[in-house]
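In what follows, a structure is listed as structure tokens, so that the remarks can point back to it.
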Amino acid sequence: MALIEGVGISKRYGGIVALDDVSLSVERGQAVGLVGPNGAGKTTLFDCLNGVRHPDSGEICFEGRRMDRLPVYERARLGIGRTFQRLELFAGMSPREHLMVAERVHRGDGRLWKDLIGRGRARTPVARVEELLVELGLEEVADDPIESLSQGHGRLVELGRALVQDPLLLLLDEPSSGFDTREASAFAAVLVEVRSRRETAMLLVEHDLDFVRRVVERTYVLDFGKVIASGPVEEVLADPVVRRAYLGEAT
Ligand SMILES: Nc1ncnc2c1ncn2[C@@H]1O[C@H](COP(=O)(O)OP(=O)(O)O)[C@@H](O)[C@H]1O
Ligand SMILES: [Mg+2]
């Protein structure tokens with residue numbers, strides 16, 4: 001059974017067909033890309049998966065359970081974490097405080113369910129946050145105000161906030177946006193490491209194909225709301241149809 005599976009997803013905005021009969025799946029622990037030119041429908045599909053938008057037709061299942069009508073917070077409880085394209089961080093708060101708040105919200109939300117299935121907590125919330133700060137390399141800046149941090153550190157805080165809930169699936173919306181090449185490559189390395197340590201599945205919406213190559217093993221290509229290719233990342237990105245869709249801009 002796939003971890004997440006969408007079948008026949010369509011979505012229109014008035015006369016615009018943003019998604020036309022799109023199907024995709026991500027297996028447990030797998031890292032999958034979702035790429036395509038501007039306007040292809042990537043963000044719309046992402047939002048259908050995380051619950052911000054509802055598809056007009058199609059089905060989305062998570063661990064075999066239908067979830068296309070569930071609200072965002074219930075999807076989070078099932079094990080879907082996400083990061084945003086624009087950073088949503090709070091001025092005046094430090095990285096440690098951001099993670100502590102996320103940890104508290106998460107604990108309030110899922111304790112009973114967690115206890116029932118035995119993913120209960122042997123470690124205290126403070127210890128968990130400390131571990132996360134170390135895992136993400138944020139110890140040095142843990143108490144600095146967020147507005148004094150680099151974009152790269154900001155993204156790491158955001159990632160940490162999503163990881164607090166131990167997601168089975170991490171949805172990443174253009175994590176390289178606003179990064180220079182060096183920052184992008186460092187962040188890609190963090191994602192690779194997080195995945196190998198935690199076996200978190202990832203779905204990566206991204207326009208930077210080098211970033212995609214580093215992080216995922218398999219990718220989908222959307223163009224005008226349709227999946228035009230899918231498969232192993234190098235194979236797909238070498239496909240003439242895919243290269244044409246990008247008009248040579250990114251391959
Ligand atoms: N809220 C909206 N209202 C109307 N049209 C939209 C809206 N959001 C996206 N679109 C249109 O849907 C199509 C897909 O957009 P989007 O999902 O944002 O693509 P991508 O993320 O691949 O750039 C585009 O034609 C876009 O103009
Ligand atoms: Mg987009």
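Convention: chains lettered A, B, ... in structure tokens order; per-chain residue numbering from 1; ligands numbered from 1 as shown.
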
Shell around Gly36 of chain A at 9 Å using only C-alpha atoms, local window under 4 positions removed, as a list in words: Ala40, Gly41, Lys42, Val205, Glu206, His207, Tyr220, Val221, Leu222, Asp223, Phe224, Val242, Ala245 and Tyr246 of chain A

Dump as a CSV table (one decimal), in the first residue's frame, selection limited to C-alpha atoms:
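That gives us part.csv:
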chain,number,residue,atom,x,y,z
A,40,ALA,CA,1.8,23.7,-14.5
A,41,GLY,CA,-0.3,23.0,-11.4
A,42,LYS,CA,2.3,22.0,-8.8
A,205,VAL,CA,7.7,20.7,-5.2
A,206,GLU,CA,10.7,22.4,-6.7
A,207,HIS,CA,11.8,24.3,-9.8
A,220,TYR,CA,6.7,13.5,-11.6
A,221,VAL,CA,6.6,16.2,-14.2
A,222,LEU,CA,3.5,18.3,-14.5
A,223,ASP,CA,2.7,20.4,-17.6
A,224,PHE,CA,-0.6,22.3,-18.1
A,242,VAL,CA,10.2,16.9,-20.5
A,245,ALA,CA,8.2,21.4,-21.7
A,246,TYR,CA,11.0,23.3,-20.0

In segment 60-153 of chain A, DSSP strand (DSSP E) residues written as number ranges by chain: A: 60-62, 65-66, 80-83

Could the residues in this selection be saved with N, CA and C atoms as a compact mmCIF listing (two decimals), in the first residue's frame?
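result01.txt, written as the output of this step:
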# COMPACT_ATOMS: atom_id res chain seq x y z
N ILE A 60 -7.95 10.92 -2.74
CA ILE A 60 -6.61 10.89 -2.14
C ILE A 60 -6.67 10.01 -0.89
N CYS A 61 -5.79 9.03 -0.84
CA CYS A 61 -5.74 8.15 0.33
C CYS A 61 -4.39 8.26 1.01
N PHE A 62 -4.41 8.19 2.32
CA PHE A 62 -3.18 8.16 3.11
C PHE A 62 -3.21 6.87 3.90
N ARG A 65 -6.41 5.12 3.63
CA ARG A 65 -7.62 5.73 4.16
C ARG A 65 -7.95 6.99 3.37
N ARG A 66 -9.16 7.07 2.89
CA ARG A 66 -9.61 8.22 2.13
C ARG A 66 -9.45 9.50 2.96
N ILE A 80 1.15 13.91 8.21
CA ILE A 80 1.58 14.72 7.07
C ILE A 80 2.08 16.07 7.58
N GLY A 81 3.37 16.31 7.40
CA GLY A 81 3.95 17.59 7.78
C GLY A 81 4.22 18.40 6.52
N ARG A 82 4.34 19.70 6.67
CA ARG A 82 4.60 20.51 5.49
C ARG A 82 5.44 21.74 5.83
N THR A 83 6.12 22.24 4.80
CA THR A 83 6.76 23.54 4.94
C THR A 83 6.18 24.46 3.87

Spatial neighbours of Ala229 of chain A, max dist 12 Å, only C-alpha atoms, sep filter under 3 positions, as JSON, numbers by chain: {"A": [22, 23, 24, 33, 34, 35, 36, 218, 219, 220, 221, 222, 223, 226, 232, 233, 234, 235, 236, 237, 238, 239, 240, 241, 242, 243, 244, 245]}

Selection near Phe187 of chain A, 12 Å with only C-alpha atoms, sequence-local residues under 5 positions removed, as a ChimeraX atom specification: /A:136-137,151-159,172,174-182,192-194,211-212,214-215

Atom CA of Glu140 of chain A to atom CA of Leu163 of chain A, straight-line distance in Å: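 Going from atom CA of Leu163 of chain A over to atom CA of Glu140 of chain A covers 19.2 Å.
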
Interatomic distance, atom CA of Ser230 of chain A to atom CA of Gly14 of chain A (Å, one decimal):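 For atom CA of Ser230 of chain A relative to atom CA of Gly14 of chain A, the distance reads 28.0 Å.
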
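Closest approach to ligand 2 among A:Met67, A:Leu204, A:Val101, A:Val227: A:Leu204, based on only C-alpha atoms and all ligand atoms.
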
Residues of segment 87-184 of chain A in helix (DSSP H, G or I), written as a count of residues only: 56

Distance query Lys11 of chain A at most 9 Å, only C-alpha atoms, self and fewer than 6 positions along chain excluded, as a list in words: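 Within the cut-off, the hits are Val17, Ala18, Leu19, Asp20, Asp21, Thr44, Leu45, Cys48, His54, Pro55, Asp56, Ser57 and Gly225 of chain A.
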
Nearest residue to ligand 1 from the set A:Val190, A:Asn38, A:Arg195, A:Gly15 (distances using only C-alpha atoms and all ligand atoms):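 So, comparing all the options, the nearest one is A:Asn38.
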